[in-house]
Amino acid sequence: SQPQKSSEAGDAESAQSKFAHSPLVEHIYTADPSAHVFEGKIYIYPSHDIETEVEEDDMGSHFDMKDYHVFSMEQPGGEVTDHGVALKLEDVPWASRQLWAPDAAEKDGKYYLYFPAKDKEDIFKIGVAISDRPEGPFTAEPEPIAGTFSMDPAVYQEGEDYFLLFGGIWGGQLQWYEDQKLVEGRKGPTDGIPADEEKALMPYIAKLDGSMTELAEQPKEILILDDEGNPITAGDNAKRFFEAAWMHKYGDKYYLSYSTGDTHFIAYAIGDSPYGPFTYQGNVLEPVEGWTNHHSIAEFEGKWYLFYHDTELSGVTPLRNIKMAELTHLPDGKIQTIQPVN
Ligand code: FUB
């Protein structure tokens, strides 16, 4: 006969089945969940999707978000609290539209919300807003962070060091830059995309300075290599970086995960330093319902979780809902690929 499960294991299993792959929030649309453990709870910093008249295009104009809400939960499977509006577009002096995927960090009891928005010239920059509480409300700095460009900021913390990762192609405009300078005349989604056999565009990383509001160094490109040590090429659509860079550390290895955009995977690569280089390994998450795929990975009470989104509630790409599922690092250091459940 089967051994009896202890009631503790049974409880954990039923909590797990309650949250795994189910929308975490149903009263508003949410996407791009960046999760962190602050004050012993899971805090999630997502985009807030809204219905809009803006027509869909390859620059993502239909993602026309205007504010952020912050969510928390005491335990996976527990109640998800909506802490309300944490930051509004109208309160960001330099921004004009499109509050896209944010992330947050804590330092010395202060909380920093990093967020992308288009400036008054319609160019994506990354801003920062500050609060005394993880849930905000946050007060935006008057200018974007000098030296940043493109979108999808993510903060990786290691001890006293905080690294800002960012970048994304097409709607994220990364293809409009050369040597980190905007090239005049580039306007469309493919302007500046390298030829198929050339090195793909890669995400960027820079250490933040002690103030958390400025870069301490010039951003550096993070190289993603294939298993022969060659940079992933622009035509290798199933493996090349598109957007949504995220970093975590497991054992003594650094994991860079990212969306492959038009092939809809969350892929990952492993390296020995936050600056890379990283070697491509495979997929963390298979394509979800909806065009975009965007995630974060966080450890809570000894277990690892993937936070992601799909379009289960709306059935349409710009109205997404965040979800989470347990993530497994296999004994050889690889991540067990997660199949989304809709
Ligand atoms: O939510 C707007 C954009 O869609 C994000 O910034 C991208 O990563 C994609 O998920």
# chains A, B, ... in the order shown; residues from 1 in each chain; ligands from 1
call {"tool": "residues_around", "arguments": {"residues": "segment 133-141 of chain A", "least_positions_apart": "4", "cutoff": "7 Å", "atoms": "only C-alpha atoms", "output": "number ranges by chain"}}
result
A: 70, 83, 86-87, 92, 110-111, 128-129
call {"tool": "select_by_dssp", "arguments": {"residues": "segment 78-285 of chain A", "states": "strand (DSSP E)", "output": "PyMOL selection string"}}
result
chain A and resi 81-88+95-97+103-107+110-119+124-131+139-140+154-158+161-166+177-178+181-182+204-207+220-221+224-225+243-250+253-259+266-271+278-285
call {"tool": "residues_around", "arguments": {"residues": "segment 252-259 of chain A", "least_positions_apart": "5", "cutoff": "8 Å", "atoms": "only C-alpha atoms", "output": "MDAnalysis selection string"}}
result
chainID A and resid 241:247 264:274 278 284 293:295
call {"tool": "write_last_selection", "arguments": {"atoms": "N, CA, C and O atoms", "output": "PDB file, in the first residue's frame"}}
result
ATOM      1  N   PHE A 241      18.315  36.949 -27.297  1.00  0.00           N
ATOM      2  CA  PHE A 241      17.665  37.857 -26.344  1.00  0.00           C
ATOM      3  C   PHE A 241      16.712  38.784 -27.080  1.00  0.00           C
ATOM      4  O   PHE A 241      17.056  39.346 -28.117  1.00  0.00           O
ATOM      5  N   PHE A 242      15.509  38.952 -26.497  1.00  0.00           N
ATOM      6  CA  PHE A 242      14.545  39.919 -27.028  1.00  0.00           C
ATOM      7  C   PHE A 242      14.243  40.981 -25.957  1.00  0.00           C
ATOM      8  O   PHE A 242      14.377  42.164 -26.220  1.00  0.00           O
ATOM      9  N   GLU A 243      13.841  40.555 -24.749  1.00  0.00           N
ATOM     10  CA  GLU A 243      13.503  41.495 -23.664  1.00  0.00           C
ATOM     11  C   GLU A 243      13.421  40.714 -22.353  1.00  0.00           C
ATOM     12  O   GLU A 243      13.678  39.511 -22.312  1.00  0.00           O
ATOM     13  N   ALA A 244      13.058  41.415 -21.262  1.00  0.00           N
ATOM     14  CA  ALA A 244      12.769  40.765 -19.973  1.00  0.00           C
ATOM     15  C   ALA A 244      13.963  40.042 -19.347  1.00  0.00           C
ATOM     16  O   ALA A 244      13.843  38.905 -18.890  1.00  0.00           O
ATOM     17  N   ALA A 245      15.123  40.697 -19.292  1.00  0.00           N
ATOM     18  CA  ALA A 245      16.285  40.069 -18.634  1.00  0.00           C
ATOM     19  C   ALA A 245      16.036  39.972 -17.126  1.00  0.00           C
ATOM     20  O   ALA A 245      15.487  40.897 -16.508  1.00  0.00           O
ATOM     21  N   TRP A 246      16.434  38.859 -16.553  1.00  0.00           N
ATOM     22  CA  TRP A 246      16.322  38.636 -15.102  1.00  0.00           C
ATOM     23  C   TRP A 246      17.544  37.856 -14.649  1.00  0.00           C
ATOM     24  O   TRP A 246      18.017  36.976 -15.394  1.00  0.00           O
ATOM     25  N   MET A 247      18.066  38.162 -13.451  1.00  0.00           N
ATOM     26  CA  MET A 247      19.231  37.419 -12.968  1.00  0.00           C
ATOM     27  C   MET A 247      18.954  36.844 -11.591  1.00  0.00           C
ATOM     28  O   MET A 247      18.349  37.501 -10.742  1.00  0.00           O
ATOM     29  N   HIS A 264       8.722  33.401 -28.276  1.00  0.00           N
ATOM     30  CA  HIS A 264       7.859  33.281 -27.083  1.00  0.00           C
ATOM     31  C   HIS A 264       8.386  32.388 -25.958  1.00  0.00           C
ATOM     32  O   HIS A 264       7.601  31.941 -25.122  1.00  0.00           O
ATOM     33  N   PHE A 265       9.693  32.098 -25.935  1.00  0.00           N
ATOM     34  CA  PHE A 265      10.233  31.308 -24.823  1.00  0.00           C
ATOM     35  C   PHE A 265      10.764  32.213 -23.713  1.00  0.00           C
ATOM     36  O   PHE A 265      11.123  33.370 -23.971  1.00  0.00           O
ATOM     37  N   ILE A 266      10.849  31.683 -22.498  1.00  0.00           N
ATOM     38  CA  ILE A 266      11.755  32.245 -21.495  1.00  0.00           C
ATOM     39  C   ILE A 266      12.959  31.317 -21.497  1.00  0.00           C
ATOM     40  O   ILE A 266      12.860  30.153 -21.093  1.00  0.00           O
ATOM     41  N   ALA A 267      14.063  31.834 -22.030  1.00  0.00           N
ATOM     42  CA  ALA A 267      15.290  31.044 -22.142  1.00  0.00           C
ATOM     43  C   ALA A 267      16.218  31.398 -20.981  1.00  0.00           C
ATOM     44  O   ALA A 267      15.981  32.383 -20.273  1.00  0.00           O
ATOM     45  N   TYR A 268      17.253  30.574 -20.780  1.00  0.00           N
ATOM     46  CA  TYR A 268      18.233  30.951 -19.762  1.00  0.00           C
ATOM     47  C   TYR A 268      19.637  30.529 -20.161  1.00  0.00           C
ATOM     48  O   TYR A 268      19.839  29.654 -21.009  1.00  0.00           O
ATOM     49  N   ALA A 269      20.592  31.215 -19.520  1.00  0.00           N
ATOM     50  CA  ALA A 269      22.007  30.993 -19.788  1.00  0.00           C
ATOM     51  C   ALA A 269      22.723  31.079 -18.450  1.00  0.00           C
ATOM     52  O   ALA A 269      22.246  31.752 -17.533  1.00  0.00           O
ATOM     53  N   ILE A 270      23.840  30.365 -18.325  1.00  0.00           N
ATOM     54  CA  ILE A 270      24.560  30.293 -17.038  1.00  0.00           C
ATOM     55  C   ILE A 270      25.951  30.901 -17.192  1.00  0.00           C
ATOM     56  O   ILE A 270      26.605  30.727 -18.226  1.00  0.00           O
ATOM     57  N   GLY A 271      26.397  31.626 -16.157  1.00  0.00           N
ATOM     58  CA  GLY A 271      27.728  32.237 -16.189  1.00  0.00           C
ATOM     59  C   GLY A 271      28.359  32.263 -14.809  1.00  0.00           C
ATOM     60  O   GLY A 271      27.738  31.884 -13.804  1.00  0.00           O
ATOM     61  N   ASP A 272      29.598  32.764 -14.774  1.00  0.00           N
ATOM     62  CA  ASP A 272      30.358  32.801 -13.520  1.00  0.00           C
ATOM     63  C   ASP A 272      30.438  34.190 -12.900  1.00  0.00           C
ATOM     64  O   ASP A 272      31.082  34.364 -11.863  1.00  0.00           O
ATOM     65  N   SER A 273      29.849  35.183 -13.582  1.00  0.00           N
ATOM     66  CA  SER A 273      29.875  36.560 -13.065  1.00  0.00           C
ATOM     67  C   SER A 273      28.601  37.248 -13.535  1.00  0.00           C
ATOM     68  O   SER A 273      28.075  36.921 -14.602  1.00  0.00           O
ATOM     69  N   PRO A 274      28.096  38.224 -12.767  1.00  0.00           N
ATOM     70  CA  PRO A 274      26.905  38.949 -13.239  1.00  0.00           C
ATOM     71  C   PRO A 274      27.140  39.613 -14.593  1.00  0.00           C
ATOM     72  O   PRO A 274      26.200  39.826 -15.355  1.00  0.00           O
ATOM     73  N   PHE A 278      27.618  34.532 -20.546  1.00  0.00           N
ATOM     74  CA  PHE A 278      26.671  33.477 -20.180  1.00  0.00           C
ATOM     75  C   PHE A 278      26.566  32.476 -21.323  1.00  0.00           C
ATOM     76  O   PHE A 278      26.609  32.868 -22.490  1.00  0.00           O
ATOM     77  N   VAL A 284      13.373  28.034 -19.598  1.00  0.00           N
ATOM     78  CA  VAL A 284      12.743  27.980 -18.282  1.00  0.00           C
ATOM     79  C   VAL A 284      11.254  27.725 -18.464  1.00  0.00           C
ATOM     80  O   VAL A 284      10.636  26.970 -17.731  1.00  0.00           O
ATOM     81  N   ASN A 293       5.987  36.988 -23.305  1.00  0.00           N
ATOM     82  CA  ASN A 293       6.336  36.079 -22.214  1.00  0.00           C
ATOM     83  C   ASN A 293       7.342  36.840 -21.354  1.00  0.00           C
ATOM     84  O   ASN A 293       8.336  37.358 -21.883  1.00  0.00           O
ATOM     85  N   HIS A 294       7.090  36.960 -20.077  1.00  0.00           N
ATOM     86  CA  HIS A 294       7.934  37.802 -19.205  1.00  0.00           C
ATOM     87  C   HIS A 294       7.802  37.249 -17.790  1.00  0.00           C
ATOM     88  O   HIS A 294       6.715  36.919 -17.349  1.00  0.00           O
ATOM     89  N   HIS A 295       8.882  37.214 -17.069  1.00  0.00           N
ATOM     90  CA  HIS A 295       8.929  36.432 -15.835  1.00  0.00           C
ATOM     91  C   HIS A 295       9.851  37.057 -14.800  1.00  0.00           C
ATOM     92  O   HIS A 295      10.592  38.010 -15.087  1.00  0.00           O
TER      93      HIS A 295
END
call {"tool": "residues_near_ligand", "arguments": {"ligand": "ligand 1", "cutoff": "9 Å", "atoms": "only C-alpha atoms and all ligand atoms", "output": "MDAnalysis selection string"}}
result
chainID A and resid 30:32 46:49 60 62:65 98:102 116 151:153 168 171:172 242:245 259 261 291:295 309 318 320
call {"tool": "residues_around", "arguments": {"residues": "segment 178-183 of chain A", "least_positions_apart": "3", "cutoff": "12 Å", "atoms": "only C-alpha atoms", "output": "PDB file with C-alpha atoms, in the first residue's frame"}}
result
ATOM      1  CA  ILE A 123      12.274  57.441 -26.359  1.00  0.00           C
ATOM      2  CA  PHE A 124      12.307  54.797 -23.611  1.00  0.00           C
ATOM      3  CA  LYS A 125      14.374  55.649 -20.544  1.00  0.00           C
ATOM      4  CA  ALA A 146      21.468  59.100 -16.649  1.00  0.00           C
ATOM      5  CA  GLY A 147      23.082  56.601 -19.012  1.00  0.00           C
ATOM      6  CA  THR A 148      20.024  54.319 -19.246  1.00  0.00           C
ATOM      7  CA  PHE A 149      18.173  53.575 -22.448  1.00  0.00           C
ATOM      8  CA  SER A 150      15.614  51.029 -23.674  1.00  0.00           C
ATOM      9  CA  GLY A 167      17.200  46.383 -22.643  1.00  0.00           C
ATOM     10  CA  GLN A 173      14.047  50.342 -29.023  1.00  0.00           C
ATOM     11  CA  LEU A 174      17.424  48.709 -28.231  1.00  0.00           C
ATOM     12  CA  GLN A 175      18.039  48.266 -31.976  1.00  0.00           C
ATOM     13  CA  ARG A 186      15.961  54.805 -36.740  1.00  0.00           C
ATOM     14  CA  LYS A 187      12.210  54.676 -36.149  1.00  0.00           C
ATOM     15  CA  ASP A 191      15.763  49.597 -38.043  1.00  0.00           C
ATOM     16  CA  GLY A 192      19.166  48.626 -36.633  1.00  0.00           C
ATOM     17  CA  ILE A 193      18.459  44.897 -36.181  1.00  0.00           C
ATOM     18  CA  PRO A 194      21.676  43.067 -37.164  1.00  0.00           C
ATOM     19  CA  LEU A 201      21.696  42.462 -29.601  1.00  0.00           C
ATOM     20  CA  MET A 202      22.289  41.649 -25.948  1.00  0.00           C
ATOM     21  CA  PRO A 203      20.977  43.052 -22.638  1.00  0.00           C
ATOM     22  CA  TYR A 204      23.006  45.562 -20.606  1.00  0.00           C
ATOM     23  CA  GLN A 218      28.993  52.805 -17.956  1.00  0.00           C
ATOM     24  CA  PRO A 219      26.590  49.948 -18.839  1.00  0.00           C
ATOM     25  CA  LYS A 220      28.238  46.847 -20.293  1.00  0.00           C
ATOM     26  CA  GLU A 221      26.759  44.450 -22.811  1.00  0.00           C
TER      27      GLU A 221
END
call {"tool": "residues_around", "arguments": {"residues": "Gly276 of chain A", "least_positions_apart": "5", "cutoff": "8 Å", "atoms": "only C-alpha atoms", "output": "PDB file with N, CA and C atoms, in the first residue's frame"}}
result
ATOM      1  N   ILE A 222      25.902  42.319 -21.941  1.00  0.00           N
ATOM      2  CA  ILE A 222      26.044  40.976 -21.355  1.00  0.00           C
ATOM      3  C   ILE A 222      26.060  39.983 -22.517  1.00  0.00           C
ATOM      4  N   LEU A 223      27.166  39.317 -22.726  1.00  0.00           N
ATOM      5  CA  LEU A 223      27.272  38.388 -23.863  1.00  0.00           C
ATOM      6  C   LEU A 223      26.589  37.060 -23.550  1.00  0.00           C
ATOM      7  N   ILE A 224      25.760  36.609 -24.500  1.00  0.00           N
ATOM      8  CA  ILE A 224      25.160  35.267 -24.392  1.00  0.00           C
ATOM      9  C   ILE A 224      25.754  34.431 -25.521  1.00  0.00           C
ATOM     10  N   GLY A 271      26.397  31.626 -16.157  1.00  0.00           N
ATOM     11  CA  GLY A 271      27.728  32.237 -16.189  1.00  0.00           C
ATOM     12  C   GLY A 271      28.359  32.263 -14.809  1.00  0.00           C
TER      13      GLY A 271
END
call {"tool": "closest_residue", "arguments": {"among": "A:Leu313, A:Leu330, A:Ile44, A:Ile335", "to": "His27 of chain A", "atoms": "only C-alpha atoms"}}
result
A:Leu313
call {"tool": "residues_around", "arguments": {"residues": "Thr190 of chain A", "least_positions_apart": "6", "cutoff": "9 Å", "atoms": "only C-alpha atoms", "output": "ChimeraX atom specification"}}
result
/A:169-170,175-176
call {"tool": "write_last_selection", "arguments": {"atoms": "N, CA and C atoms", "output": "mmCIF file, in the first residue's frame"}}
result
data_model
loop_
_atom_site.group_PDB
_atom_site.id
_atom_site.type_symbol
_atom_site.label_atom_id
_atom_site.label_comp_id
_atom_site.auth_asym_id
_atom_site.auth_seq_id
_atom_site.Cartn_x
_atom_site.Cartn_y
_atom_site.Cartn_z
ATOM 1 N N ILE A 169 14.515 44.575 -27.561
ATOM 2 C CA ILE A 169 14.464 44.990 -28.976
ATOM 3 C C ILE A 169 13.017 45.246 -29.416
ATOM 4 N N TRP A 170 12.868 45.678 -30.702
ATOM 5 C CA TRP A 170 11.586 46.132 -31.288
ATOM 6 C C TRP A 170 10.997 47.257 -30.426
ATOM 7 N N GLN A 175 17.435 48.315 -30.633
ATOM 8 C CA GLN A 175 18.039 48.266 -31.976
ATOM 9 C C GLN A 175 18.327 49.656 -32.549
ATOM 10 N N TRP A 176 17.858 50.699 -31.884
ATOM 11 C CA TRP A 176 18.096 52.061 -32.372
ATOM 12 C C TRP A 176 19.416 52.640 -31.850
#
